[in-house]
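Below: work.cif (mmCIF, C-alpha atoms and all ligand atoms)
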data_my_file
loop_
_atom_site.label_atom_id
_atom_site.label_comp_id
_atom_site.auth_asym_id
_atom_site.auth_seq_id
_atom_site.Cartn_x
_atom_site.Cartn_y
_atom_site.Cartn_z
CA MET A 79 -8.30 50.61 38.02
CA GLU A 80 -8.14 47.08 36.56
CA THR A 81 -5.96 48.33 33.70
CA ALA A 82 -3.82 50.41 36.04
CA HIS A 83 -3.24 47.38 38.21
CA ARG A 84 -2.22 45.30 35.17
CA ARG A 85 0.27 48.00 34.19
CA GLY A 86 1.84 47.99 37.65
CA ALA A 87 0.40 51.23 39.04
CA GLU A 88 0.21 51.63 42.82
CA ILE A 89 -1.93 54.80 42.82
CA VAL A 90 -4.69 55.91 40.47
CA VAL A 91 -5.63 59.59 40.07
CA TYR A 92 -9.02 60.60 38.68
CA PRO A 93 -10.06 64.11 37.49
CA GLU A 94 -11.96 66.80 39.37
CA LEU A 95 -15.69 65.92 39.81
CA ALA A 96 -14.73 62.64 38.20
CA LEU A 97 -17.98 60.70 38.21
CA THR A 98 -20.41 63.45 37.21
CA THR A 99 -20.55 65.94 34.41
CA PHE A 100 -18.91 69.30 35.21
CA PHE A 101 -22.31 70.51 36.45
CA PRO A 102 -21.29 74.12 37.30
CA ARG A 103 -21.90 74.81 33.60
CA TRP A 104 -25.65 74.39 34.33
CA TYR A 105 -27.67 77.00 36.23
CA HIS A 106 -30.20 76.08 38.92
CA ALA A 107 -31.98 78.86 40.77
CA ASP A 108 -32.53 76.49 43.67
CA LEU A 109 -29.28 74.84 44.82
CA ALA A 110 -31.18 71.82 46.08
CA GLU A 111 -32.00 70.97 42.45
CA ALA A 112 -28.29 70.23 41.98
CA ASP A 113 -27.99 67.98 45.02
CA HIS A 114 -28.12 64.80 42.94
CA TRP A 115 -24.59 65.68 41.74
CA PHE A 116 -23.29 65.64 45.34
CA GLU A 117 -22.13 62.77 47.58
CA ALA A 118 -23.51 62.93 51.12
CA THR A 119 -21.19 60.16 52.35
CA LEU A 120 -17.97 58.55 51.19
CA PRO A 121 -18.14 55.78 50.20
CA SER A 122 -21.58 56.47 48.76
CA PRO A 123 -23.59 54.02 46.67
CA ALA A 124 -22.07 55.52 43.50
CA THR A 125 -18.45 55.46 44.74
CA ALA A 126 -18.46 52.15 46.66
CA PRO A 127 -17.26 50.15 43.60
CA LEU A 128 -14.03 52.20 43.59
CA PHE A 129 -13.41 51.39 47.27
CA ASP A 130 -14.08 47.70 46.51
CA ALA A 131 -11.65 47.77 43.57
CA ALA A 132 -8.99 49.45 45.71
CA ARG A 133 -9.19 46.63 48.27
CA ARG A 134 -9.29 43.92 45.63
CA LEU A 135 -6.36 45.30 43.61
CA ASN A 136 -4.33 46.74 46.51
CA LEU A 137 -4.45 50.13 44.81
CA GLY A 138 -4.61 53.61 46.37
CA PHE A 139 -6.80 56.11 44.54
CA HIS A 140 -7.57 59.82 44.33
CA LEU A 141 -11.11 60.92 43.58
CA GLY A 142 -12.56 64.36 42.93
CA TYR A 143 -16.24 64.72 43.85
CA ALA A 144 -18.89 67.21 44.96
CA GLU A 145 -19.30 66.97 48.73
CA ARG A 146 -22.47 67.82 50.67
CA THR A 147 -21.86 67.76 54.41
CA PRO A 148 -24.44 66.63 57.00
CA GLU A 149 -24.91 70.37 57.81
CA GLY A 150 -25.79 71.02 54.15
CA ARG A 151 -22.51 72.76 53.19
CA ARG A 152 -21.22 72.14 49.67
CA PHE A 153 -17.59 71.82 48.61
CA ASN A 154 -15.57 70.83 45.53
CA THR A 155 -13.54 68.09 47.21
CA ALA A 156 -10.91 65.45 46.53
CA VAL A 157 -9.63 62.58 48.66
CA TYR A 158 -6.78 60.13 48.57
CA VAL A 159 -7.93 56.67 49.65
CA HIS A 160 -5.56 53.95 50.95
CA PRO A 161 -6.00 50.43 49.44
CA SER A 162 -7.68 49.45 52.72
CA GLY A 163 -10.49 51.88 51.90
CA GLU A 164 -9.47 54.38 54.61
CA ILE A 165 -9.46 58.05 53.61
CA VAL A 166 -5.88 59.29 54.08
CA LEU A 167 -6.25 62.91 52.95
CA LYS A 168 -9.14 65.20 52.15
CA TYR A 169 -8.90 68.61 50.46
CA ARG A 170 -11.59 71.16 49.60
CA LYS A 171 -10.90 73.47 46.65
CA VAL A 172 -9.79 76.96 47.67
CA HIS A 173 -9.56 78.82 44.33
CA LEU A 174 -13.10 78.65 42.93
CA PRO A 175 -13.20 80.23 39.47
CA GLY A 176 -16.23 81.63 37.69
CA HIS A 177 -19.24 83.41 39.16
CA ALA A 178 -22.22 82.93 41.46
CA GLU A 179 -25.10 84.33 39.41
CA TYR A 180 -26.37 83.50 35.93
CA ASP A 181 -24.36 85.54 33.43
CA PRO A 182 -26.30 86.18 30.21
CA GLN A 183 -23.10 87.42 28.49
CA ARG A 184 -21.44 84.03 28.75
CA HIS A 185 -21.71 81.36 26.11
CA VAL A 186 -21.35 78.72 28.87
CA GLN A 187 -21.83 79.30 32.60
CA HIS A 188 -19.09 78.54 35.14
CA LEU A 189 -21.00 78.58 38.43
CA GLU A 190 -18.47 77.15 40.89
CA LYS A 191 -18.91 80.19 43.13
CA ARG A 192 -22.65 79.38 43.24
CA TYR A 193 -22.45 75.68 44.03
CA PHE A 194 -19.42 75.55 46.33
CA GLU A 195 -18.04 77.30 49.41
CA VAL A 196 -14.33 78.15 49.51
CA GLY A 197 -12.49 75.17 51.00
CA ASP A 198 -11.93 75.38 54.74
CA LEU A 199 -9.18 72.78 55.20
CA GLY A 200 -6.20 74.85 54.02
CA PHE A 201 -3.63 72.94 51.96
CA PRO A 202 -2.84 69.90 54.11
CA VAL A 203 0.07 67.53 53.47
CA VAL A 204 0.35 64.10 55.06
CA ARG A 205 3.10 61.49 55.12
CA ALA A 206 1.43 58.28 54.06
CA PRO A 207 2.06 54.90 52.50
CA LEU A 208 2.14 55.32 48.72
CA GLY A 209 2.47 51.91 47.12
CA ALA A 210 5.66 50.23 48.31
CA THR A 211 7.07 53.45 49.76
CA HIS A 212 6.02 56.35 52.00
CA GLY A 213 5.76 59.91 50.79
CA ASN A 214 4.47 63.40 51.57
CA LEU A 215 1.17 63.80 49.77
CA GLY A 216 -0.82 66.95 48.92
CA ILE A 217 -3.85 67.71 46.74
CA LEU A 218 -4.84 70.66 44.55
CA ILE A 219 -8.00 70.93 42.47
CA CYS A 220 -8.04 72.36 38.96
CA ASN A 221 -7.82 76.16 39.15
CA ASP A 222 -5.61 75.87 42.27
CA ARG A 223 -2.78 74.72 40.00
CA ARG A 224 -2.51 78.21 38.52
CA TRP A 225 -1.74 79.83 41.91
CA PRO A 226 1.89 79.69 43.08
CA GLU A 227 0.79 80.45 46.65
CA ALA A 228 -1.04 77.11 46.79
CA TRP A 229 2.03 75.19 45.61
CA ARG A 230 4.30 77.04 48.04
CA VAL A 231 2.08 76.25 51.04
CA LEU A 232 2.39 72.59 50.02
CA GLY A 233 6.15 73.02 49.42
CA LEU A 234 6.59 74.45 52.91
CA GLN A 235 5.29 71.11 54.20
CA GLN A 236 7.84 69.20 52.07
CA VAL A 237 5.23 67.84 49.71
CA GLU A 238 6.64 65.16 47.39
CA LEU A 239 3.60 64.21 45.31
CA VAL A 240 0.75 66.56 44.37
CA LEU A 241 -2.44 65.04 42.98
CA CYS A 242 -4.53 67.48 40.92
CA GLY A 243 -7.69 66.68 38.97
CA TYR A 244 -9.04 69.24 36.49
CA ASN A 245 -11.88 70.13 34.10
CA THR A 246 -10.67 72.80 31.72
CA PRO A 247 -12.61 73.81 28.61
CA SER A 248 -10.72 74.05 25.31
CA LEU A 249 -12.08 77.57 24.86
CA ASN A 250 -11.98 80.48 27.25
CA MET A 251 -15.71 80.63 27.95
CA GLU A 252 -15.53 84.24 29.09
CA ASN A 253 -14.74 84.51 25.43
CA ARG A 254 -13.53 88.02 24.97
CA GLY A 255 -11.76 86.65 21.90
CA PHE A 256 -8.23 87.38 23.07
CA GLU A 257 -6.96 83.95 24.18
CA ALA A 258 -5.60 81.74 21.41
CA HIS A 259 -6.68 78.10 21.80
CA HIS A 260 -3.17 76.67 21.81
CA LEU A 261 -2.26 78.76 24.86
CA ARG A 262 -4.84 76.99 27.04
CA VAL A 263 -2.77 73.81 27.31
CA LEU A 264 0.48 75.79 27.55
CA HIS A 265 -0.82 77.70 30.59
CA SER A 266 -1.93 74.51 32.33
CA HIS A 267 1.38 72.72 31.75
CA LEU A 268 3.41 75.82 32.58
CA SER A 269 1.64 76.09 35.94
CA VAL A 270 2.15 72.46 36.91
CA GLN A 271 5.76 72.30 35.70
CA ALA A 272 6.66 75.52 37.55
CA GLY A 273 4.89 74.31 40.70
CA CYS A 274 6.87 71.06 40.68
CA TYR A 275 10.23 72.68 39.94
CA GLN A 276 9.89 75.50 42.47
CA ASN A 277 8.73 73.15 45.22
CA SER A 278 10.84 70.08 44.36
CA CYS A 279 7.94 67.68 43.97
CA PHE A 280 6.18 65.36 41.54
CA ALA A 281 2.63 66.03 40.34
CA ALA A 282 -0.03 64.02 38.56
CA ALA A 283 -2.34 66.54 36.84
CA VAL A 284 -5.31 64.62 35.49
CA ALA A 285 -7.91 66.01 33.09
CA LYS A 286 -11.24 65.18 31.65
CA ALA A 287 -10.85 65.06 27.88
CA GLY A 288 -13.02 65.27 24.81
CA THR A 289 -16.67 66.26 24.66
CA GLU A 290 -18.81 66.25 27.80
CA ASP A 291 -22.45 67.42 27.62
CA GLY A 292 -21.60 68.99 24.26
CA TYR A 293 -18.58 70.97 25.51
CA GLU A 294 -14.94 70.26 24.82
CA LEU A 295 -12.42 69.76 27.63
CA PHE A 296 -8.78 69.90 26.58
CA GLY A 297 -7.35 66.85 28.33
CA HIS A 298 -3.52 66.77 28.15
CA SER A 299 -3.02 65.07 31.53
CA ILE A 300 0.62 65.06 32.62
CA ILE A 301 2.90 63.59 35.25
CA VAL A 302 5.77 65.94 36.11
CA ASN A 303 9.03 65.39 38.02
CA PRO A 304 10.77 67.75 40.49
CA GLN A 305 12.89 69.18 37.66
CA GLY A 306 9.67 70.39 36.07
CA GLU A 307 9.92 67.88 33.23
CA ILE A 308 6.87 66.09 31.82
CA ILE A 309 7.54 62.35 32.25
CA ALA A 310 4.18 61.11 30.92
CA GLN A 311 1.45 62.80 28.90
CA ALA A 312 -1.97 61.78 27.57
CA THR A 313 -2.05 61.64 23.79
CA THR A 314 -5.74 61.07 23.05
CA TRP A 315 -9.07 62.72 23.78
CA ASP A 316 -10.53 59.45 24.96
CA ASP A 317 -10.44 57.58 28.26
CA GLU A 318 -6.73 56.97 28.71
CA LEU A 319 -4.35 55.74 31.38
CA ILE A 320 -0.85 57.19 31.67
CA VAL A 321 1.69 55.66 34.04
CA ALA A 322 5.03 56.88 35.38
CA ASP A 323 7.55 55.81 37.99
CA CYS A 324 7.87 58.54 40.61
CA ASP A 325 11.04 58.01 42.65
CA LEU A 326 10.32 60.39 45.51
CA ALA A 327 14.03 60.50 46.45
CA GLN A 328 14.39 62.81 43.43
CA CYS A 329 12.67 65.54 45.49
CA ASP A 330 15.77 65.80 47.63
CA LEU A 331 18.09 67.61 45.22
CA GLY A 332 16.02 70.78 44.84
CA ARG A 333 15.13 70.81 48.53
CA ARG A 334 18.83 70.69 49.51
CA THR A 335 20.13 73.20 46.93
CA ILE A 336 18.42 75.95 44.96
CA PHE A 337 15.10 75.62 46.85
CA ASP A 338 16.48 74.99 50.33
CA PHE A 339 13.76 77.15 51.83
CA ALA A 340 15.33 77.42 55.29
CA ARG A 341 18.51 78.96 53.82
CA HIS A 342 17.12 81.11 51.02
CA ARG A 343 13.51 82.21 51.61
CA ARG A 344 12.93 85.80 52.82
CA PRO A 345 9.43 85.84 54.32
CA GLU A 346 10.07 89.29 55.84
CA ALA A 347 9.92 90.62 52.26
CA TYR A 348 6.74 88.73 51.34
CA ALA A 349 4.22 90.48 53.65
CA ARG A 350 2.10 91.63 50.71
CA ILE A 351 1.35 88.05 49.78
CA THR A 352 -0.93 87.54 52.75
CA ALA A 353 -1.81 91.18 53.56
CA GLN A 354 -3.31 92.03 50.18
CA THR A 355 -5.72 90.28 47.77
CA GLY A 356 -6.06 92.45 44.64
CA SER A 357 -3.11 94.19 43.01
CA GLU A 358 -2.47 97.92 43.58
CA ALA A 359 -1.01 100.40 41.13
CA PRO A 360 2.56 101.43 42.07
CA PRO A 361 3.45 105.04 42.94
CA GLU A 362 4.33 107.25 39.99
CA TRP A 363 8.02 107.99 39.53
CA VAL A 364 8.59 111.73 39.72
CA PRO A 365 11.81 113.11 38.24
CA PRO A 366 13.94 114.95 40.83
CA GLY A 367 13.71 118.76 40.89
N1 LIG B 401 -12.65 73.60 37.03
C1 LIG B 401 -11.81 74.65 36.96
O1 LIG B 401 -11.31 75.12 37.96
N2 LIG B 401 -11.58 75.15 35.71
C2 LIG B 401 -10.83 76.33 35.48
C3 LIG B 401 -11.36 77.03 34.28
C4 LIG B 401 -11.91 78.27 34.72
S1 LIG B 401 -12.74 79.17 33.50
C5 LIG B 401 -13.80 80.14 34.46
C6 LIG B 401 -9.33 76.13 35.30
O2 LIG B 401 -8.57 76.90 35.90
O3 LIG B 401 -8.91 75.28 34.55
#
Please, can you express the file's structure as structure tokens?
Amino acid sequence: METAHRRGAEIVVYPELALTTFFPRWYHADLAEADHWFEATLPSPATAPLFDAARRLNLGFHLGYAERTPEGRRFNTAVYVHPSGEIVLKYRKVHLPGHAEYDPQRHVQHLEKRYFEVGDLGFPVVRAPLGATHGNLGILICNDRRWPEAWRVLGLQQVELVLCGYNTPSLNMENRGFEAHHLRVLHSHLSVQAGCYQNSCFAAAVAKAGTEDGYELFGHSIIVNPQGEIIAQATTWDDELIVADCDLAQCDLGRRTIFDFARHRRPEAYARITAQTGSEAPPEWVPPG
């Protein structure tokens, strides 16, 4: 945050589960054994220095963390915090990848479905002060970025800046051997660039990078404009700060033209999107006669 301030940033975005290891790779039979990874309050003793820095440097920040509610519910959560230390927006991850039980077939576990409930806050957008300007702010967390439905729900609320932290391994840990390594970054960037273009918004997609607990995360953080272009990209596998100017007025062009939702969307033809979860095979074409 000190460095970001020196480089003129007004908002800092941290990755998903930023201050802990990506603990869903470790199995605990008893969930309570994982509670030391969770924050019971925000600020908590571990996160208070970030709130102090925000006030001192007049910097807004986004933080991904594991949330344990007073009722004992657990979520994969992210917040955007105003420089005053007030929480402006909170989001709980909806698309939880992985599995809930120990999987002996896997080289590395991905137990998000064990440690977290599906987020119950929807995909909220709020108009808020963002540095010297105001803008419409939304949050996605990691795997959410791959789902166009999530972006479109934000787009329907005129989102202008999407903050998205992620932890993505360099290898497909389900490891059926079919996914080439170089495609992992392509799929991440493709998803964020398409989400921005199709919803006329900026995004800061921020990764953990390098080796964590012995496992490699692919990094490649990007900042993307409403044309879907990458305007800043991480170039190392180390701690790194990337900075970009996001002129939110650039969101206007797409919203008024090709993606003017009010003029061009056809929700009457989209019923399947909310009526159905898994895909269904189509009917067989039968030649006439
Ligand atoms: N953290 C997270 O959501 N990671 C996923 C990898 C899933 S592999 C089971 C991602 O979509 O990047």
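Using all atoms listed in the file, the smallest distance between any of A:Val263, A:Ala347, A:Leu174, A:Ile165 and ligand LIG 401 (chain B) comes from A:Leu174.
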Practice problem: Take atom CA of A:His298 and atom CA of A:Val159 and report the distance between them in Å, one decimal. | Solution: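 Pair atom CA of A:His298 / atom CA of A:Val159 returns 24.2 Å.
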Surrounding residues as a compact mmCIF listing (two decimals) with C-alpha atoms, in the frame of the given file, ligand LIG 401 (chain B), max 8 Å, all atoms listed in the file:
# COMPACT_ATOMS: atom_id res chain seq x y z
CA GLU A 94 -11.96 66.80 39.37
CA PHE A 100 -18.91 69.30 35.21
CA HIS A 173 -9.56 78.82 44.33
CA LEU A 174 -13.10 78.65 42.93
CA PRO A 175 -13.20 80.23 39.47
CA GLY A 176 -16.23 81.63 37.69
CA HIS A 177 -19.24 83.41 39.16
CA HIS A 188 -19.09 78.54 35.14
CA GLU A 190 -18.47 77.15 40.89
CA ILE A 219 -8.00 70.93 42.47
CA CYS A 220 -8.04 72.36 38.96
CA ASN A 221 -7.82 76.16 39.15
CA ASP A 222 -5.61 75.87 42.27
CA ARG A 223 -2.78 74.72 40.00
CA ARG A 224 -2.51 78.21 38.52
CA TYR A 244 -9.04 69.24 36.49
CA ASN A 245 -11.88 70.13 34.10
CA THR A 246 -10.67 72.80 31.72
CA PRO A 247 -12.61 73.81 28.61
CA ASN A 250 -11.98 80.48 27.25
CA MET A 251 -15.71 80.63 27.95
CA GLU A 252 -15.53 84.24 29.09
CA SER A 266 -1.93 74.51 32.33
Quiz prompt | Selected residue of minimal separation from A:Pro182 among A:Pro365, A:Glu149, A:Ile351, A:Tyr105, counting all atoms listed in the file | solution =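 That would be A:Tyr105, the residue with the smallest distance to A:Pro182.
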Quiz item: Could you work out how far atom CA of A:Phe153 lies from atom CA of A:Gln271, giving the answer in Å with one decimal?
Solution: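 Those two atoms sit 26.7 Å apart.
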Exercise. Skip A:Arg146 itself and residues of its chain fewer than 2 positions away, then list as a ChimeraX atom specification all residues within 9 Å of it, counting all atoms listed in the file.
Key: /A:113,116-119,144,148-153
Please enclose the listed atoms of stretch 213-217 of chain A in an axis-aligned box, pad each side by 4 Å, and write out the centre and the three edge lengths in Å, rounded to one decimal, as lines of an AutoDock Vina configuration file.
center_x = 1.0
center_y = 63.8
center_z = 49.2
size_x = 17.6
size_y = 15.8
size_z = 12.8
Exercise. Kindly give the distance, in Å, that separates atom CA of A:Thr81 and atom CA of A:Gly292, rounded to a single decimal.
Key: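 Computed distance, atom CA of A:Thr81 to atom CA of A:Gly292, equals 27.6 Å.
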Self-check item: Non-local contacts of A:Ser299 (9 Å; only C-alpha atoms; under 5 positions in same chain excluded) as a ChimeraX atom specification
Solution: /A:243-244,267,282-287,310-313,320
Practice problem: Compare A:Thr314, A:Thr125, A:Ser278, A:Ser357 by their minimum atom-to-atom distance to A:Ile336, counting only C-alpha atoms, and give me the closest one. | Solution: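 Ranking A:Thr314, A:Thr125, A:Ser278, A:Ser357 by distance to A:Ile336, first place goes to A:Ser278.
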Quiz item: Skipping near chain neighbours, those fewer than 4 positions away, what residues fall within 12 Å of A:Gly163 using only C-alpha atoms, listed as number ranges by chain?
Solution: A: 120-121, 125-140, 157-159, 167
Quiz item: For A:Gly332, which residue out of A:Gln236, A:Gly356, A:Val270, A:Thr289 is the nearest one, using all atoms listed in the file?
Solution: A:Gln236
